[in-house]
Amino acid sequence: MQLFDELKTLGQKHIKADKNAQQSVPSGVWLACPKCKKSVYHKDLGVYITCPNCGYGFRISSRQRLEWLTDSFSEMDQDLQTADPLDFPDYAKKIEKAQRATDLNDSVLTGVAKIGEQEFCLGIMDPKFIMGSMGTVTGEKITRLFEYATEHQKAVVLFTASGGARMQEGIFSLMQMAKVSQAVYAHSQAGLFYLSIITDPTTGGVTASFAMQGDIILSEPHALIGFAGKRVIEQTMHQKIPEDLQDAENILNHGFIDAIVKREDEKKTIAWLLEMNQGKAGEQPS
């Protein structure tokens, strides 16, 4: 009995010491991968912020991505501001908070970029700006990007990451689907190349429009791609859906995207695709 009590006391001390050790570890040093569920030491994520076990790309800001993606970049339309069309409660404060956190005026970064000697128009949606939601300024910036590319005979590379239309802007947000799609169509009619690269997550009206309108559509490993969320689908269908239903790998198997590319391979893949499709610029479709 005495031995049992000693072991119990020793165990309690060990648990207490272990808890104290855990509390002393700074927040964010160890991260749980949302896909493989394994713990990852933050330094093992590397410059590309990817899981070393499964290759999942953690959600990063547009400016983080820009650091390793291009050789030069000139930003466009950074002064556009939403007019808060519905006078939605506390929406202006939410916009201001997102702007401070991302150094963006809205949920997409646009401009003219270079990789080597290849110059192209680049857009990067930012999941850290109100979950990359598509508002009026988002749609306007992407539309202007395609219009500039059409006028100057340039290819467009667009990274998508979005929870869909921004509810605080209602129908005005949904209208961006048609507006951007028209600009994509005009760009295509001019015989110019559009590369869509889907990142985690890409859902809602973005998936239903310009994310899936590229001449070539790529995705990062394990990116969530879909229209409605898993819970909404299950509540509508009254049945469980497979856990991997909206994973990029399953989407690829069903032919909705062309390839899955790791982050560390994106820069050279983009350069190669731009080089292979540069002859398309300026050619009118038959």
# chains A, B, ... in the order shown; residues from 1 in each chain; ligands from 1
$ residues_around --residues "Leu195 of chain A" --least-positions-apart "2" --cutoff "8 Å" --atoms "only C-alpha atoms" --output "compact mmCIF listing (two decimals) with all heavy atoms, in the first residue's frame"
# COMPACT_ATOMS: atom_id res chain seq x y z
N ALA A 155 0.09 37.60 -69.73
CA ALA A 155 -0.56 36.47 -69.07
C ALA A 155 -0.96 36.88 -67.65
O ALA A 155 -0.43 37.83 -67.08
CB ALA A 155 0.39 35.28 -69.03
N VAL A 156 -1.91 36.14 -67.08
CA VAL A 156 -2.34 36.35 -65.70
C VAL A 156 -2.11 35.07 -64.90
O VAL A 156 -2.45 33.97 -65.35
CB VAL A 156 -3.83 36.74 -65.61
CG1 VAL A 156 -4.30 36.77 -64.15
CG2 VAL A 156 -4.08 38.09 -66.26
N VAL A 157 -1.51 35.22 -63.73
CA VAL A 157 -1.39 34.13 -62.75
C VAL A 157 -2.14 34.57 -61.51
O VAL A 157 -1.85 35.63 -60.94
CB VAL A 157 0.08 33.83 -62.41
CG1 VAL A 157 0.16 32.74 -61.34
CG2 VAL A 157 0.86 33.42 -63.66
N LEU A 158 -3.12 33.79 -61.10
CA LEU A 158 -3.96 34.17 -59.95
C LEU A 158 -4.01 33.05 -58.93
O LEU A 158 -4.42 31.92 -59.23
CB LEU A 158 -5.38 34.50 -60.44
CG LEU A 158 -6.39 34.93 -59.37
CD1 LEU A 158 -5.92 36.16 -58.61
CD2 LEU A 158 -7.75 35.20 -60.03
N PHE A 193 -2.95 33.94 -71.95
CA PHE A 193 -2.88 32.79 -71.05
C PHE A 193 -3.27 33.17 -69.63
O PHE A 193 -2.79 34.17 -69.08
CB PHE A 193 -1.46 32.21 -71.08
CG PHE A 193 -1.24 31.05 -70.15
CD1 PHE A 193 -2.00 29.90 -70.26
CD2 PHE A 193 -0.26 31.11 -69.16
CE1 PHE A 193 -1.79 28.83 -69.41
CE2 PHE A 193 -0.04 30.04 -68.32
CZ PHE A 193 -0.81 28.89 -68.43
N ILE A 197 -4.15 29.09 -59.74
CA ILE A 197 -3.51 28.22 -58.75
C ILE A 197 -4.34 28.27 -57.47
O ILE A 197 -4.46 29.31 -56.83
CB ILE A 197 -2.06 28.63 -58.47
CG1 ILE A 197 -1.25 28.66 -59.78
CG2 ILE A 197 -1.42 27.67 -57.46
CD1 ILE A 197 0.17 29.13 -59.62
N GLY A 214 -9.40 29.09 -65.44
CA GLY A 214 -8.06 29.18 -66.00
C GLY A 214 -7.86 28.26 -67.18
O GLY A 214 -8.52 27.22 -67.31
N ASP A 215 -6.93 28.63 -68.07
CA ASP A 215 -6.54 27.73 -69.15
C ASP A 215 -5.91 26.47 -68.58
O ASP A 215 -6.11 25.36 -69.08
CB ASP A 215 -5.54 28.43 -70.09
CG ASP A 215 -6.18 29.62 -70.80
OD1 ASP A 215 -7.17 29.42 -71.52
OD2 ASP A 215 -5.70 30.75 -70.59
N ILE A 216 -5.14 26.67 -67.50
CA ILE A 216 -4.60 25.56 -66.71
C ILE A 216 -4.91 25.86 -65.25
O ILE A 216 -4.76 26.99 -64.79
CB ILE A 216 -3.08 25.40 -66.93
CG1 ILE A 216 -2.79 24.94 -68.35
CG2 ILE A 216 -2.48 24.41 -65.92
CD1 ILE A 216 -1.32 24.80 -68.69
N ILE A 217 -5.37 24.83 -64.53
CA ILE A 217 -5.74 24.99 -63.13
C ILE A 217 -4.87 24.06 -62.29
O ILE A 217 -4.92 22.84 -62.45
CB ILE A 217 -7.22 24.68 -62.89
CG1 ILE A 217 -8.11 25.53 -63.80
CG2 ILE A 217 -7.59 24.90 -61.43
CD1 ILE A 217 -9.57 25.15 -63.77
N LEU A 218 -4.07 24.64 -61.41
CA LEU A 218 -3.22 23.89 -60.50
C LEU A 218 -3.76 24.02 -59.08
O LEU A 218 -4.58 24.89 -58.79
CB LEU A 218 -1.78 24.39 -60.56
CG LEU A 218 -1.10 24.46 -61.93
CD1 LEU A 218 0.32 25.01 -61.78
CD2 LEU A 218 -1.07 23.10 -62.59
$ residues_around --residues "Ile60 of chain A" --least-positions-apart "5" --cutoff "8 Å" --atoms "only C-alpha atoms" --output "PDB file with C-alpha atoms, in the first residue's frame"
ATOM      1  CA  ILE A  49       5.486  27.009 -44.447  1.00  0.00           C
ATOM      2  CA  ARG A  65       3.974  34.187 -50.595  1.00  0.00           C
ATOM      3  CA  ASP A 126      -5.130  36.573 -48.869  1.00  0.00           C
ATOM      4  CA  PRO A 127      -6.829  34.118 -46.453  1.00  0.00           C
ATOM      5  CA  LYS A 128      -5.872  36.365 -43.544  1.00  0.00           C
TER       6      LYS A 128
END
$ residues_around --residues "Gly229 of chain A" --least-positions-apart "2" --cutoff "9 Å" --atoms "only C-alpha atoms" --output "PyMOL selection string"
chain A and resi 203-204+226-227+231-234+246
$ residues_around --residues "Gly132 of chain A" --least-positions-apart "6" --cutoff "10 Å" --atoms "only C-alpha atoms" --output "ChimeraX atom specification"
/A:61,106-108,124-126,138,160-166,201-203,206
$ residues_around --residues "Gln168 of chain A" --least-positions-apart "3" --cutoff "12 Å" --atoms "only C-alpha atoms" --output "list in words"
Thr82, Ala83, Asp84, Pro85, Leu86, Asp87, Phe88, Pro89, Asp90, Tyr91, Ala92, Lys94, Ile95, Ile130, Ser133, Met134, Gly135, Thr136, Gly164, Ala165, Ile171, Phe172, Ser173 and Leu174 of chain A
$ write_last_selection --atoms "N, CA and C atoms" --output "PDB file, in the first residue's frame"
ATOM      1  N   THR A  82     -13.431  49.989 -49.923  1.00  0.00           N
ATOM      2  CA  THR A  82     -14.841  49.646 -49.966  1.00  0.00           C
ATOM      3  C   THR A  82     -15.684  50.794 -49.412  1.00  0.00           C
ATOM      4  N   ALA A  83     -16.856  50.968 -50.023  1.00  0.00           N
ATOM      5  CA  ALA A  83     -17.759  52.031 -49.579  1.00  0.00           C
ATOM      6  C   ALA A  83     -18.756  51.517 -48.551  1.00  0.00           C
ATOM      7  N   ASP A  84     -18.610  50.262 -48.080  1.00  0.00           N
ATOM      8  CA  ASP A  84     -19.553  49.654 -47.140  1.00  0.00           C
ATOM      9  C   ASP A  84     -20.976  49.825 -47.656  1.00  0.00           C
ATOM     10  N   PRO A  85     -21.303  49.198 -48.802  1.00  0.00           N
ATOM     11  CA  PRO A  85     -22.564  49.477 -49.506  1.00  0.00           C
ATOM     12  C   PRO A  85     -23.829  49.214 -48.703  1.00  0.00           C
ATOM     13  N   LEU A  86     -23.782  48.313 -47.718  1.00  0.00           N
ATOM     14  CA  LEU A  86     -24.979  47.986 -46.936  1.00  0.00           C
ATOM     15  C   LEU A  86     -24.979  48.648 -45.562  1.00  0.00           C
ATOM     16  N   ASP A  87     -23.952  49.450 -45.272  1.00  0.00           N
ATOM     17  CA  ASP A  87     -23.813  50.061 -43.948  1.00  0.00           C
ATOM     18  C   ASP A  87     -23.943  48.986 -42.867  1.00  0.00           C
ATOM     19  N   PHE A  88     -23.188  47.915 -43.051  1.00  0.00           N
ATOM     20  CA  PHE A  88     -23.265  46.745 -42.173  1.00  0.00           C
ATOM     21  C   PHE A  88     -22.629  47.076 -40.819  1.00  0.00           C
ATOM     22  N   PRO A  89     -23.272  46.695 -39.711  1.00  0.00           N
ATOM     23  CA  PRO A  89     -22.749  47.028 -38.375  1.00  0.00           C
ATOM     24  C   PRO A  89     -21.315  46.542 -38.156  1.00  0.00           C
ATOM     25  N   ASP A  90     -20.452  47.458 -37.718  1.00  0.00           N
ATOM     26  CA  ASP A  90     -19.045  47.188 -37.372  1.00  0.00           C
ATOM     27  C   ASP A  90     -18.201  46.697 -38.549  1.00  0.00           C
ATOM     28  N   TYR A  91     -18.739  46.779 -39.763  1.00  0.00           N
ATOM     29  CA  TYR A  91     -17.976  46.301 -40.932  1.00  0.00           C
ATOM     30  C   TYR A  91     -16.735  47.164 -41.167  1.00  0.00           C
ATOM     31  N   ALA A  92     -16.869  48.476 -41.026  1.00  0.00           N
ATOM     32  CA  ALA A  92     -15.730  49.371 -41.241  1.00  0.00           C
ATOM     33  C   ALA A  92     -14.590  49.045 -40.279  1.00  0.00           C
ATOM     34  N   LYS A  94     -14.009  46.115 -38.940  1.00  0.00           N
ATOM     35  CA  LYS A  94     -13.451  44.831 -39.347  1.00  0.00           C
ATOM     36  C   LYS A  94     -12.486  45.006 -40.522  1.00  0.00           C
ATOM     37  N   ILE A  95     -12.849  45.882 -41.456  1.00  0.00           N
ATOM     38  CA  ILE A  95     -11.979  46.167 -42.600  1.00  0.00           C
ATOM     39  C   ILE A  95     -10.666  46.780 -42.124  1.00  0.00           C
ATOM     40  N   ILE A 130     -10.178  38.738 -43.709  1.00  0.00           N
ATOM     41  CA  ILE A 130     -11.577  38.278 -43.592  1.00  0.00           C
ATOM     42  C   ILE A 130     -11.754  36.984 -44.390  1.00  0.00           C
ATOM     43  N   SER A 133     -12.414  36.624 -48.244  1.00  0.00           N
ATOM     44  CA  SER A 133     -13.754  36.772 -48.802  1.00  0.00           C
ATOM     45  C   SER A 133     -13.768  37.787 -49.936  1.00  0.00           C
ATOM     46  N   MET A 134     -14.696  37.569 -50.872  1.00  0.00           N
ATOM     47  CA  MET A 134     -14.775  38.369 -52.091  1.00  0.00           C
ATOM     48  C   MET A 134     -15.757  39.516 -51.911  1.00  0.00           C
ATOM     49  N   GLY A 135     -15.214  40.718 -51.745  1.00  0.00           N
ATOM     50  CA  GLY A 135     -16.029  41.918 -51.658  1.00  0.00           C
ATOM     51  C   GLY A 135     -15.951  42.704 -52.958  1.00  0.00           C
ATOM     52  N   THR A 136     -16.544  43.884 -52.970  1.00  0.00           N
ATOM     53  CA  THR A 136     -16.560  44.692 -54.186  1.00  0.00           C
ATOM     54  C   THR A 136     -15.154  45.138 -54.607  1.00  0.00           C
ATOM     55  N   GLY A 164     -15.411  32.565 -50.004  1.00  0.00           N
ATOM     56  CA  GLY A 164     -16.534  32.879 -50.875  1.00  0.00           C
ATOM     57  C   GLY A 164     -16.942  34.335 -50.782  1.00  0.00           C
ATOM     58  N   ALA A 165     -18.170  34.635 -51.202  1.00  0.00           N
ATOM     59  CA  ALA A 165     -18.676  36.007 -51.198  1.00  0.00           C
ATOM     60  C   ALA A 165     -18.720  36.570 -49.780  1.00  0.00           C
ATOM     61  N   ILE A 171     -25.528  41.222 -52.121  1.00  0.00           N
ATOM     62  CA  ILE A 171     -25.619  41.016 -53.567  1.00  0.00           C
ATOM     63  C   ILE A 171     -24.488  41.708 -54.307  1.00  0.00           C
ATOM     64  N   PHE A 172     -23.954  42.789 -53.744  1.00  0.00           N
ATOM     65  CA  PHE A 172     -22.837  43.487 -54.379  1.00  0.00           C
ATOM     66  C   PHE A 172     -21.616  42.580 -54.471  1.00  0.00           C
ATOM     67  N   SER A 173     -21.434  41.744 -53.463  1.00  0.00           N
ATOM     68  CA  SER A 173     -20.338  40.779 -53.481  1.00  0.00           C
ATOM     69  C   SER A 173     -20.568  39.709 -54.545  1.00  0.00           C
ATOM     70  N   LEU A 174     -21.790  39.175 -54.603  1.00  0.00           N
ATOM     71  CA  LEU A 174     -22.098  38.129 -55.584  1.00  0.00           C
ATOM     72  C   LEU A 174     -21.938  38.623 -57.015  1.00  0.00           C
TER      73      LEU A 174
END
$ atom_distance --atom1 "atom CA of Arg63 of chain A" --atom2 "atom CA of Gly111 of chain A"
12.1 Å
$ closest_atom_pairs --of "segment 124-213 of chain A" --to "segment 260-263 of chain A" --cutoff "12 Å" --atoms "only C-alpha atoms" --output "JSON lines"
{"residue": "A:Phe159", "atom": "CA", "partner": "A:Arg263", "partner_atom": "CA", "distance": 11.8}
{"residue": "A:Ser196", "atom": "CA", "partner": "A:Ile260", "partner_atom": "CA", "distance": 11.8}
{"residue": "A:Ile197", "atom": "CA", "partner": "A:Val261", "partner_atom": "CA", "distance": 9.1}
{"residue": "A:Ile198", "atom": "CA", "partner": "A:Ile260", "partner_atom": "CA", "distance": 9.3}
{"residue": "A:Thr199", "atom": "CA", "partner": "A:Arg263", "partner_atom": "CA", "distance": 9.9}
$ write_last_selection --atoms "all heavy atoms" --output "JSON list (two decimals), in the first residue's frame"
[["chain", "number", "residue", "atom", "x", "y", "z"],
["A", 159, "PHE", "N", -3.56, 33.36, -57.70],
["A", 159, "PHE", "CA", -3.65, 32.43, -56.57],
["A", 159, "PHE", "C", -4.96, 32.71, -55.85],
["A", 159, "PHE", "O", -5.22, 33.84, -55.41],
["A", 159, "PHE", "CB", -2.49, 32.65, -55.60],
["A", 159, "PHE", "CG", -1.18, 32.10, -56.08],
["A", 159, "PHE", "CD1", -0.39, 32.82, -56.97],
["A", 159, "PHE", "CD2", -0.71, 30.87, -55.63],
["A", 159, "PHE", "CE1", 0.82, 32.33, -57.42],
["A", 159, "PHE", "CE2", 0.50, 30.36, -56.06],
["A", 159, "PHE", "CZ", 1.27, 31.08, -56.96],
["A", 196, "SER", "N", -4.58, 29.56, -63.16],
["A", 196, "SER", "CA", -5.23, 29.61, -61.85],
["A", 196, "SER", "C", -4.55, 28.62, -60.93],
["A", 196, "SER", "O", -4.38, 27.45, -61.28],
["A", 196, "SER", "CB", -6.72, 29.28, -61.99],
["A", 196, "SER", "OG", -7.33, 29.21, -60.71],
["A", 197, "ILE", "N", -4.15, 29.09, -59.74],
["A", 197, "ILE", "CA", -3.51, 28.22, -58.75],
["A", 197, "ILE", "C", -4.34, 28.27, -57.47],
["A", 197, "ILE", "O", -4.46, 29.31, -56.83],
["A", 197, "ILE", "CB", -2.06, 28.63, -58.47],
["A", 197, "ILE", "CG1", -1.25, 28.66, -59.78],
["A", 197, "ILE", "CG2", -1.42, 27.67, -57.46],
["A", 197, "ILE", "CD1", 0.17, 29.13, -59.62],
["A", 198, "ILE", "N", -4.93, 27.15, -57.11],
["A", 198, "ILE", "CA", -5.86, 27.07, -55.99],
["A", 198, "ILE", "C", -5.10, 26.72, -54.71],
["A", 198, "ILE", "O", -4.33, 25.76, -54.67],
["A", 198, "ILE", "CB", -6.95, 26.03, -56.27],
["A", 198, "ILE", "CG1", -7.79, 26.49, -57.48],
["A", 198, "ILE", "CG2", -7.84, 25.83, -55.06],
["A", 198, "ILE", "CD1", -8.79, 25.46, -57.94],
["A", 199, "THR", "N", -5.35, 27.49, -53.66],
["A", 199, "THR", "CA", -4.73, 27.22, -52.36],
["A", 199, "THR", "C", -5.84, 27.01, -51.33],
["A", 199, "THR", "O", -7.02, 27.22, -51.59],
["A", 199, "THR", "CB", -3.80, 28.37, -51.92],
["A", 199, "THR", "OG1", -4.58, 29.51, -51.54],
["A", 199, "THR", "CG2", -2.84, 28.75, -53.04]]
$ atom_distance --atom1 "atom CA of Val184 of chain A" --atom2 "atom CA of Glu75 of chain A"
19.8 Å
$ select_by_dssp --residues "segment 90-168 of chain A" --states "strand (DSSP E)" --output "PyMOL selection string"
chain A and resi 108-115+118-125+156-162
$ residues_around --residues "Ala248 of chain A" --least-positions-apart "4" --cutoff "8 Å" --atoms "only C-alpha atoms" --output "number ranges by chain"
A: 219-225, 252, 260
$ write_last_selection --atoms "all heavy atoms" --output "mmCIF file, in the first residue's frame"
data_model
loop_
_atom_site.group_PDB
_atom_site.id
_atom_site.type_symbol
_atom_site.label_atom_id
_atom_site.label_comp_id
_atom_site.auth_asym_id
_atom_site.auth_seq_id
_atom_site.Cartn_x
_atom_site.Cartn_y
_atom_site.Cartn_z
ATOM 1 N N SER A 219 -3.259 23.174 -58.205
ATOM 2 C CA SER A 219 -3.630 23.271 -56.790
ATOM 3 C C SER A 219 -2.444 22.888 -55.928
ATOM 4 O O SER A 219 -1.568 22.123 -56.357
ATOM 5 C CB SER A 219 -4.814 22.350 -56.475
ATOM 6 O OG SER A 219 -5.071 22.333 -55.070
ATOM 7 N N GLU A 220 -2.426 23.421 -54.719
ATOM 8 C CA GLU A 220 -1.448 22.969 -53.733
ATOM 9 C C GLU A 220 -1.939 21.683 -53.086
ATOM 10 O O GLU A 220 -3.152 21.413 -53.063
ATOM 11 C CB GLU A 220 -1.223 24.055 -52.678
ATOM 12 C CG GLU A 220 -0.562 25.309 -53.238
ATOM 13 C CD GLU A 220 -0.162 26.311 -52.192
ATOM 14 O OE1 GLU A 220 -0.742 26.281 -51.077
ATOM 15 O OE2 GLU A 220 0.723 27.132 -52.466
ATOM 16 N N PRO A 221 -1.033 20.867 -52.544
ATOM 17 C CA PRO A 221 -1.438 19.600 -51.914
ATOM 18 C C PRO A 221 -2.457 19.809 -50.785
ATOM 19 O O PRO A 221 -2.321 20.717 -49.973
ATOM 20 C CB PRO A 221 -0.121 19.037 -51.372
ATOM 21 C CG PRO A 221 0.936 19.647 -52.239
ATOM 22 C CD PRO A 221 0.434 21.024 -52.567
ATOM 23 N N HIS A 222 -3.481 18.964 -50.779
ATOM 24 C CA HIS A 222 -4.475 18.901 -49.703
ATOM 25 C C HIS A 222 -5.305 20.172 -49.543
ATOM 26 O O HIS A 222 -5.961 20.360 -48.509
ATOM 27 C CB HIS A 222 -3.809 18.561 -48.363
ATOM 28 C CG HIS A 222 -2.967 17.332 -48.405
ATOM 29 N ND1 HIS A 222 -3.487 16.092 -48.675
ATOM 30 C CD2 HIS A 222 -1.627 17.154 -48.221
ATOM 31 C CE1 HIS A 222 -2.513 15.202 -48.650
ATOM 32 N NE2 HIS A 222 -1.376 15.806 -48.382
ATOM 33 N N ALA A 223 -5.301 21.046 -50.552
ATOM 34 C CA ALA A 223 -6.136 22.248 -50.469
ATOM 35 C C ALA A 223 -7.612 21.859 -50.467
ATOM 36 O O ALA A 223 -8.018 20.937 -51.178
ATOM 37 C CB ALA A 223 -5.838 23.178 -51.637
ATOM 38 N N LEU A 224 -8.399 22.568 -49.685
ATOM 39 C CA LEU A 224 -9.837 22.351 -49.688
ATOM 40 C C LEU A 224 -10.434 23.125 -50.859
ATOM 41 O O LEU A 224 -10.239 24.341 -50.972
ATOM 42 C CB LEU A 224 -10.453 22.813 -48.366
ATOM 43 C CG LEU A 224 -11.934 22.508 -48.127
ATOM 44 C CD1 LEU A 224 -12.208 22.402 -46.635
ATOM 45 C CD2 LEU A 224 -12.854 23.564 -48.738
ATOM 46 N N ILE A 225 -11.161 22.422 -51.723
ATOM 47 C CA ILE A 225 -11.769 23.032 -52.908
ATOM 48 C C ILE A 225 -13.242 22.628 -52.946
ATOM 49 O O ILE A 225 -13.567 21.444 -52.910
ATOM 50 C CB ILE A 225 -11.080 22.562 -54.211
ATOM 51 C CG1 ILE A 225 -9.559 22.800 -54.140
ATOM 52 C CG2 ILE A 225 -11.673 23.268 -55.424
ATOM 53 C CD1 ILE A 225 -8.792 22.137 -55.267
ATOM 54 N N LEU A 252 -8.693 16.330 -58.230
ATOM 55 C CA LEU A 252 -7.836 15.966 -59.370
ATOM 56 C C LEU A 252 -8.295 14.653 -59.992
ATOM 57 O O LEU A 252 -8.381 14.534 -61.223
ATOM 58 C CB LEU A 252 -6.378 15.856 -58.917
ATOM 59 C CG LEU A 252 -5.365 15.376 -59.965
ATOM 60 C CD1 LEU A 252 -5.246 16.378 -61.113
ATOM 61 C CD2 LEU A 252 -4.000 15.133 -59.326
ATOM 62 N N ILE A 260 -1.411 18.875 -59.220
ATOM 63 C CA ILE A 260 -1.103 19.353 -57.875
ATOM 64 C C ILE A 260 0.395 19.641 -57.820
ATOM 65 O O ILE A 260 1.210 18.790 -58.182
ATOM 66 C CB ILE A 260 -1.502 18.313 -56.814
ATOM 67 C CG1 ILE A 260 -3.032 18.161 -56.790
ATOM 68 C CG2 ILE A 260 -0.987 18.706 -55.433
ATOM 69 C CD1 ILE A 260 -3.529 17.052 -55.890
#
$ select_by_dssp --residues "segment 46-266 of chain A" --states "alpha helix (DSSP H)" --output "MDAnalysis selection string"
chainID A and resid 62:69 91:102 136:151 170:189 204:207 230:237 248:253 263:266
$ atom_distance --atom1 "atom CA of Gly116 of chain A" --atom2 "atom CA of Ala271 of chain A"
7.9 Å
